[in-house]
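**Q** Structure supplied as target.json; contents: JSON, C-alpha atoms.
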[["chain", "number", "residue", "atom", "x", "y", "z"],
["L", 1, "MET", "CA", 20.91, -13.37, -6.36],
["L", 2, "ALA", "CA", 19.71, -14.46, -9.82],
["L", 3, "ALA", "CA", 17.63, -17.65, -9.98],
["L", 4, "LEU", "CA", 18.19, -20.38, -12.56],
["L", 5, "VAL", "CA", 15.05, -20.83, -14.69],
["L", 6, "CYS", "CA", 14.02, -23.28, -17.40],
["L", 7, "VAL", "CA", 11.94, -22.83, -20.55],
["L", 8, "GLY", "CA", 8.30, -22.30, -19.61],
["L", 9, "ASP", "CA", 8.92, -21.23, -16.00],
["L", 10, "ARG", "CA", 6.48, -18.51, -14.88],
["L", 11, "LEU", "CA", 8.47, -15.43, -13.88],
["L", 12, "ALA", "CA", 5.98, -12.66, -13.05],
["L", 13, "PRO", "CA", 2.59, -11.16, -13.89],
["L", 14, "VAL", "CA", 2.64, -8.53, -16.66],
["L", 15, "ASP", "CA", 1.10, -5.90, -14.39],
["L", 16, "LYS", "CA", 4.19, -5.99, -12.11],
["L", 17, "LEU", "CA", 7.06, -6.23, -14.66],
["L", 18, "GLN", "CA", 7.76, -5.83, -18.37],
["L", 19, "ALA", "CA", 9.00, -8.74, -20.50],
["L", 20, "GLY", "CA", 12.65, -8.48, -21.53],
["L", 21, "THR", "CA", 15.02, -10.65, -23.56],
["L", 22, "GLY", "CA", 14.71, -14.39, -23.11],
["L", 23, "THR", "CA", 11.02, -14.15, -22.12],
["L", 24, "TYR", "CA", 7.53, -14.23, -23.64],
["L", 25, "VAL", "CA", 4.05, -13.20, -22.48],
["L", 26, "ARG", "CA", 1.04, -15.53, -22.38],
["L", 27, "GLY", "CA", -2.19, -15.24, -20.44],
["L", 28, "GLY", "CA", -1.11, -12.22, -18.43],
["L", 29, "PHE", "CA", 2.14, -13.77, -17.22],
["L", 30, "ILE", "CA", 5.78, -13.56, -18.28],
["L", 31, "TYR", "CA", 7.53, -16.91, -18.96],
["L", 32, "ALA", "CA", 11.14, -17.90, -19.63],
["L", 33, "SER", "CA", 11.83, -18.77, -23.29],
["L", 34, "ILE", "CA", 15.41, -19.99, -22.65],
["L", 35, "VAL", "CA", 17.34, -21.72, -19.89],
["L", 36, "GLY", "CA", 19.36, -19.24, -17.89],
["L", 37, "LEU", "CA", 19.51, -16.81, -15.01],
["L", 38, "GLN", "CA", 16.51, -14.61, -14.21],
["L", 39, "GLN", "CA", 17.39, -10.95, -13.75],
["L", 40, "THR", "CA", 15.23, -7.95, -12.90],
["L", 41, "LEU", "CA", 16.39, -4.58, -14.18],
["L", 42, "HIS", "CA", 15.26, -1.24, -12.67],
["L", 43, "GLU", "CA", 13.53, -3.03, -9.81],
["L", 44, "GLY", "CA", 11.07, -0.91, -7.85],
["L", 45, "THR", "CA", 10.35, 1.48, -10.75],
["L", 46, "GLU", "CA", 7.65, 1.59, -13.41],
["L", 47, "GLU", "CA", 10.27, 0.55, -15.98],
["L", 48, "ALA", "CA", 11.16, -2.70, -14.17],
["L", 49, "VAL", "CA", 12.01, -5.44, -16.67],
["L", 50, "VAL", "CA", 12.47, -9.17, -16.11],
["L", 51, "GLN", "CA", 14.85, -10.97, -18.46],
["L", 52, "VAL", "CA", 16.59, -14.31, -18.74],
["L", 53, "VAL", "CA", 20.29, -14.42, -19.61],
["L", 54, "ALA", "CA", 21.60, -17.68, -21.07],
["L", 55, "LYS", "CA", 23.93, -19.54, -18.73],
["L", 56, "GLY", "CA", 26.97, -20.58, -20.74],
["L", 57, "ALA", "CA", 26.85, -21.49, -24.40],
["L", 58, "ALA", "CA", 23.73, -22.98, -25.91],
["L", 59, "PRO", "CA", 23.97, -26.77, -26.06],
["L", 60, "VAL", "CA", 24.60, -28.34, -29.47],
["L", 61, "VAL", "CA", 21.70, -30.48, -30.67],
["L", 62, "PRO", "CA", 21.64, -32.47, -33.94],
["L", 63, "GLU", "CA", 19.21, -31.03, -36.50],
["L", 64, "PRO", "CA", 17.99, -32.38, -39.86],
["L", 65, "GLY", "CA", 20.80, -31.95, -42.39],
["L", 66, "SER", "CA", 23.57, -32.03, -39.75],
["L", 67, "ILE", "CA", 26.56, -34.31, -40.29],
["L", 68, "VAL", "CA", 27.20, -36.39, -37.17],
["L", 69, "ILE", "CA", 29.78, -38.88, -35.92],
["L", 70, "THR", "CA", 28.26, -41.95, -34.28],
["L", 71, "LYS", "CA", 29.26, -45.18, -32.59],
["L", 72, "VAL", "CA", 27.30, -48.33, -33.46],
["L", 73, "THR", "CA", 25.75, -49.94, -30.37],
["L", 74, "LYS", "CA", 23.54, -52.67, -31.87],
["L", 75, "VAL", "CA", 22.89, -54.17, -35.31],
["L", 76, "SER", "CA", 19.69, -55.92, -36.37],
["L", 77, "PRO", "CA", 18.60, -57.20, -39.81],
["L", 78, "SER", "CA", 16.63, -54.00, -40.48],
["L", 79, "ALA", "CA", 18.64, -51.26, -38.74],
["L", 80, "ALA", "CA", 21.75, -50.24, -36.83],
["L", 81, "ASN", "CA", 21.33, -48.42, -33.53],
["L", 82, "VAL", "CA", 23.96, -45.77, -32.83],
["L", 83, "LYS", "CA", 25.00, -43.27, -30.19],
["L", 84, "ILE", "CA", 25.63, -39.78, -31.61],
["L", 85, "VAL", "CA", 28.90, -38.45, -30.16],
["L", 86, "CYS", "CA", 29.65, -35.39, -32.35],
["L", 87, "CYS", "CA", 27.59, -32.93, -34.36],
["L", 88, "GLY", "CA", 29.76, -31.28, -36.99],
["L", 89, "ALA", "CA", 33.07, -30.56, -35.24],
["L", 90, "GLN", "CA", 31.45, -30.17, -31.80],
["L", 91, "ALA", "CA", 31.44, -32.99, -29.22],
["L", 92, "LEU", "CA", 28.04, -33.44, -27.60],
["L", 93, "GLU", "CA", 27.55, -33.11, -23.86],
["L", 94, "ALA", "CA", 24.33, -35.13, -23.80],
["L", 95, "ASP", "CA", 23.71, -38.60, -25.20],
["L", 96, "PHE", "CA", 21.57, -38.79, -28.34],
["L", 97, "ALA", "CA", 20.40, -42.05, -29.88],
["L", 98, "GLY", "CA", 20.10, -42.62, -33.61],
["L", 99, "VAL", "CA", 19.05, -45.33, -36.01],
["L", 100, "ILE", "CA", 20.32, -46.07, -39.52],
["L", 101, "ARG", "CA", 17.55, -47.99, -41.27],
["L", 102, "GLN", "CA", 18.27, -50.53, -44.01],
["L", 103, "GLN", "CA", 16.76, -48.26, -46.70],
["L", 104, "ASP", "CA", 19.03, -45.36, -45.62],
["L", 105, "VAL", "CA", 22.38, -47.17, -45.93],
["L", 106, "ARG", "CA", 22.89, -46.55, -49.66],
["L", 107, "THR", "CA", 21.05, -45.12, -52.67],
["L", 108, "HIS", "CA", 20.99, -48.24, -54.87],
["L", 109, "ASP", "CA", 20.01, -51.90, -54.35],
["L", 110, "ILE", "CA", 18.31, -50.96, -51.08],
["L", 111, "ASP", "CA", 16.58, -54.34, -50.79],
["L", 112, "LYS", "CA", 19.93, -56.18, -50.99],
["L", 113, "VAL", "CA", 21.56, -54.40, -48.02],
["L", 114, "ILE", "CA", 22.71, -56.83, -45.32],
["L", 115, "MET", "CA", 23.12, -54.75, -42.17],
["L", 116, "TYR", "CA", 25.59, -57.18, -40.54],
["L", 117, "ASP", "CA", 27.92, -56.75, -43.54],
["L", 118, "CYS", "CA", 27.76, -52.95, -43.27],
["L", 119, "PHE", "CA", 28.00, -52.27, -39.54],
["L", 120, "ARG", "CA", 29.28, -53.95, -36.39],
["L", 121, "PRO", "CA", 28.98, -52.82, -32.77],
["L", 122, "GLY", "CA", 31.87, -50.45, -32.01],
["L", 123, "ASP", "CA", 32.17, -49.07, -35.56],
["L", 124, "ILE", "CA", 32.54, -45.30, -35.91],
["L", 125, "VAL", "CA", 30.18, -43.97, -38.60],
["L", 126, "ARG", "CA", 29.79, -40.58, -40.28],
["L", 127, "ALA", "CA", 26.10, -39.98, -41.07],
["L", 128, "LYS", "CA", 23.60, -37.29, -42.01],
["L", 129, "VAL", "CA", 20.54, -36.53, -39.85],
["L", 130, "LEU", "CA", 17.39, -37.12, -41.90],
["L", 131, "SER", "CA", 14.78, -36.33, -39.28],
["L", 132, "LEU", "CA", 14.14, -36.20, -35.57],
["L", 133, "GLY", "CA", 12.48, -39.62, -35.75],
["L", 134, "ASP", "CA", 10.47, -40.67, -32.74],
["L", 135, "ALA", "CA", 10.93, -39.71, -29.11],
["L", 136, "ARG", "CA", 13.83, -42.11, -28.70],
["L", 137, "SER", "CA", 16.13, -41.58, -31.67],
["L", 138, "TYR", "CA", 17.16, -39.59, -34.73],
["L", 139, "HIS", "CA", 16.84, -41.11, -38.22],
["L", 140, "LEU", "CA", 20.24, -41.10, -39.94],
["L", 141, "SER", "CA", 21.56, -41.90, -43.42],
["L", 142, "THR", "CA", 24.89, -43.02, -44.86],
["L", 143, "ALA", "CA", 23.66, -42.85, -48.48],
["L", 144, "ASP", "CA", 26.38, -40.52, -49.82],
["L", 145, "ASN", "CA", 29.99, -41.03, -50.86],
["L", 146, "SER", "CA", 31.24, -38.76, -48.06],
["L", 147, "LEU", "CA", 29.35, -40.76, -45.41],
["L", 148, "GLY", "CA", 29.75, -44.26, -43.97],
["L", 149, "VAL", "CA", 32.02, -46.27, -41.72],
["L", 150, "VAL", "CA", 35.11, -44.27, -40.77],
["L", 151, "ARG", "CA", 36.66, -46.77, -38.38],
["L", 152, "ALA", "CA", 35.63, -50.42, -38.28],
["L", 153, "LYS", "CA", 36.22, -53.40, -36.08],
["L", 154, "SER", "CA", 37.54, -56.36, -38.06],
["L", 155, "LEU", "CA", 36.28, -59.89, -37.56],
["L", 156, "ALA", "CA", 39.51, -60.65, -35.69],
["L", 157, "GLY", "CA", 38.70, -57.89, -33.19],
["L", 158, "ALA", "CA", 41.52, -55.51, -34.12],
["L", 159, "TRP", "CA", 40.70, -51.94, -35.16],
["L", 160, "ALA", "CA", 41.20, -51.16, -38.84],
["L", 161, "ARG", "CA", 40.89, -47.84, -40.65],
["L", 162, "MET", "CA", 38.56, -47.77, -43.63],
["L", 163, "GLN", "CA", 39.46, -45.68, -46.65],
["L", 164, "GLN", "CA", 36.82, -43.17, -47.79],
["L", 165, "HIS", "CA", 36.61, -44.63, -51.28],
["L", 166, "PRO", "CA", 33.38, -46.00, -52.83],
["L", 167, "LEU", "CA", 35.11, -49.18, -54.10],
["L", 168, "LEU", "CA", 36.54, -50.08, -50.68],
["L", 169, "ARG", "CA", 33.34, -49.68, -48.67],
["L", 170, "VAL", "CA", 31.47, -52.91, -48.01],
["L", 171, "CYS", "CA", 28.06, -51.28, -48.55],
["L", 172, "ALA", "CA", 28.94, -49.03, -51.48]]
Will you turn the file into structure tokens for me?
**A**
Amino acid sequence: MAALVCVGDRLAPVDKLQAGTGTYVRGGFIYASIVGLQQTLHEGTEEAVVQVVAKGAAPVVPEPGSIVITKVTKVSPSAANVKIVCCGAQALEADFAGVIRQQDVRTHDIDKVIMYDCFRPGDIVRAKVLSLGDARSYHLSTADNSLGVVRAKSLAGAWARMQQHPLLRVCA
């Protein structure tokens, strides 16, 4: 039976087995380089190889430059906190946090941006990943005509669709 291994798990010493796909060698030992199932090929021979086969598809993770769909969770005077729900056209299995800072909302009049006028909790926002940020969240930007609020909550509480037009966006 194949065992499930994680990245960095020690699989075997190099004098017993050869490193196969999904593995690497360091300090005389073979380690898993991907998450998956450990398999040993040609066991009991001199050509025995240990490999790791990915279990299912690789998870989608936002990367710098990716376009993401987010949901605003909290708005402060300097930033909007969001939950990333899609990366490109792929829904995410894990929760990723993001932050849209005041200086990343638009390209002009950055110092005049009022975050409460641009975002409200519950808004759906299309953004671009700028960087991985800190350990807690990705840094995102809406400073492009193709980015911004896609679906907004009105002051009355009813959902309203926003047009993707620079003159109709509050923060354009």
**Q** Atom CA of L:Val82 to atom CA of L:Thr142: how many Å, to one decimal?
**A**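 A separation of 12.4 Å between them.
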**Q** Return the single residue from L:Asp123, L:Val53, L:Phe29, L:Gln18 that is closest to L:Cys6, with distances computed using only C-alpha atoms.
**A**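 Among L:Asp123, L:Val53, L:Phe29, L:Gln18, it is L:Val53 that comes nearest to L:Cys6.
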**Q** Between L:Cys118, L:Ala3, L:Val61, L:Asp111, which has the minimum distance to L:Ala91 (counting all atoms listed in the file)?
**A**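 Ranking L:Cys118, L:Ala3, L:Val61, L:Asp111 by distance to L:Ala91, first place goes to L:Val61.
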**Q** Env of stretch 7-17 of chain L: 6 Å cut, atoms = all atoms listed in the file, seq-sep filter 2 positions within chain, self excluded. Answer as an MDAnalysis selection string.
**A** chainID L and resid 28:35 48:49
**Q** For L:Leu130, which of L:Asp144, L:Asp109, L:Asp104, L:Glu93 is the closest residue, counting all atoms listed in the file?
**A**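 Using all atoms listed in the file, L:Leu130 sits closest to L:Asp104.
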**Q** What lies within 9 Å of L:Ser131 using all atoms listed in the file, ignoring chain neighbours under 6 positions off, as an NGL selection string?
**A** :L and (63-65 or 138-140)
**Q** Quick one: residues within 7 Å of L:Gly88, only C-alpha atoms counted, chain neighbours fewer than 5 positions away excluded, as a list in words?
**A**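 Residues near the query, excluding close chain neighbours: Ser66, Ile67 and Val68 of chain L.
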**Q** From the list L:Leu4, L:Ile69, L:Leu37, L:Val50, which residue is nearest L:Val25 when using all atoms listed in the file?
**A**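 Of L:Leu4, L:Ile69, L:Leu37, L:Val50, the one nearest L:Val25 is L:Val50, counting all atoms listed in the file.
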**Q** Choose the residue, out of L:Val149, L:Val5, L:Ala79, L:Val60, that has the smallest atom-to-atom separation from L:Val113; count only C-alpha atoms.
**A**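 So, comparing all the options, the nearest one is L:Ala79.
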**Q** I need the residue nearest L:Ser137 from this list: L:Lys83, L:Arg26, L:Lys74, L:His42. Use all atoms listed in the file for the distance.
**A**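 Between L:Lys83, L:Arg26, L:Lys74, L:His42, the residue approaching L:Ser137 most closely is L:Lys83.
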**Q** If you measure from atom CA of L:Ala89 to atom CA of L:Thr107, what distance in Å do you get, rounded to one decimal?
**A** 25.7 Å
**Q** So how far away is atom CA of L:Gln90 from atom CA of L:Arg136, in Å?
**A** 21.5 Å
**Q** How big is the axis-aligned box, and where does its centre sit, when it encloses all atoms of stretch 139-146 of chain L listed in the file and has 3 Å added on every side, reported in Å to one decimal as lines of an AutoDock Vina configuration file?
**A**
center_x = 24.0
center_y = -40.9
center_z = -44.5
size_x = 20.4
size_y = 10.3
size_z = 18.6
